[in-house]
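See structure below.
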Amino acid sequence: MMGDTAQLVQIELGPPVRQPKPEWLKARAPVGENFHNLKKLARGLGLHTVCESAQCPNIGECWNHRTATFMLLGDICTRHCGFCAVPKGRPGPIDQDEPCRVAEAVATLGLKHAVITSVNRDDDNLGGARIFAETIHRVRRLTPDCRVEVLIPDFQGLNEALRVVLDARPDVLNHNTETVPRLYRAVRSGARYERTLKLLENAKKFSPGMITKSGVMVGLGETMTELVDVFRDLGSRGVDILTVGQYLRPSRDHLPIARFYTPAEFEYLKQEALRFGFRHVESGPLVRSSYHAHEQAESTSASILPV
């Protein structure tokens, strides 16, 4: 029974699991006209998509549904998180023209839901926030009917940077929790669990009515009890949307997979999370932050409309 967690909580960090991926983790190869058009356009405009940089397994499905995740502030991250495939190092100057090119891509492709994220730019948090805001404004100017979701870094806790993004009025503000507090040092280099909770709490405080979202990976050595505690913390901060997905190791240089969760366990986690007041929970092996983002936005927007 899923209610019996005794068999589920004994998860320890260890050497890589030497086993093939389960059937439920096999995604279809990316094909389709929308996929190829977006890839060609992104190349032509010198844009980066997290779909490619983070090796997302859902790239074909999302791009063919006219949902794409653009990555701002270049493709070099200033942090060295143990799970992430995005290149790390010293980034170049912030590209002030990037918002215009993202907006052009969104308009050209006729996207219905654009997710805008970025690498961490701890060298200039406020400058990064302004690029987010300008991108939102530019997309809205060229494609008024496109929903804009932002997946932001923690800006090292700088509230001024958060306010800059919120003042641009994105449709959804996402900041991923990623893992349980015990594993933060190994998984999220430079991040702090309490800082993440505070950002999500402040997003509601600074911008009442803003739809907030966060995501968690599983399979890094956490326990079920720890995951449910995280769900409780996020729910108490008024987070509207939660995503829960399986961690997949990008390379041998990244953190090993402690174990693969089954579809039944993902369903159990979804039901546990729903107890804490989330409006929408997306939980499954291939779920990522932007997976079914357009459907999440539709369901939460509808649920808060006045009767």
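By convention in this document, the chains of the structure tokens carry letters A, B, ... by their order, each chain's residues are numbered from 1, and ligands are numbered from 1 in the order they are shown.
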
**OP:** Could you pull out the residues in segment 40-227 of chain A that DSSP calls helix (DSSP H, G or I) from the backbone, as a ChimeraX atom specification?
**Re:** /A:40-44,50-53,59-64,98-109,125-142,155-157,159-167,181-187,193-206,224-227

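When the distance limit is 10 Å and only C-alpha atoms are what count, the residues near Lys204 of chain A, minus those fewer than 5 positions from it on the same chain, are Leu166, Leu173, Leu199, Gly209, Met210, Ile211, Thr212, Arg237, Gly238 and Val239 of chain A.
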
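Using only C-alpha atoms, the smallest distance between any of A:Ile76, A:Leu183, A:Met71, A:Leu242 and Val150 of chain A comes from A:Met71.
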
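Around Val139 of chain A, within 10 Å and counting only C-alpha atoms, the residues found are Pro99, Cys100, Arg101, Val102, Ala103, Glu104, Ala105, Val106, Ala107, Ala114, Glu134, Pro144, Asp145, Cys146, Arg147 and Val148 of chain A, once anything fewer than 5 positions away on its own chain is removed.
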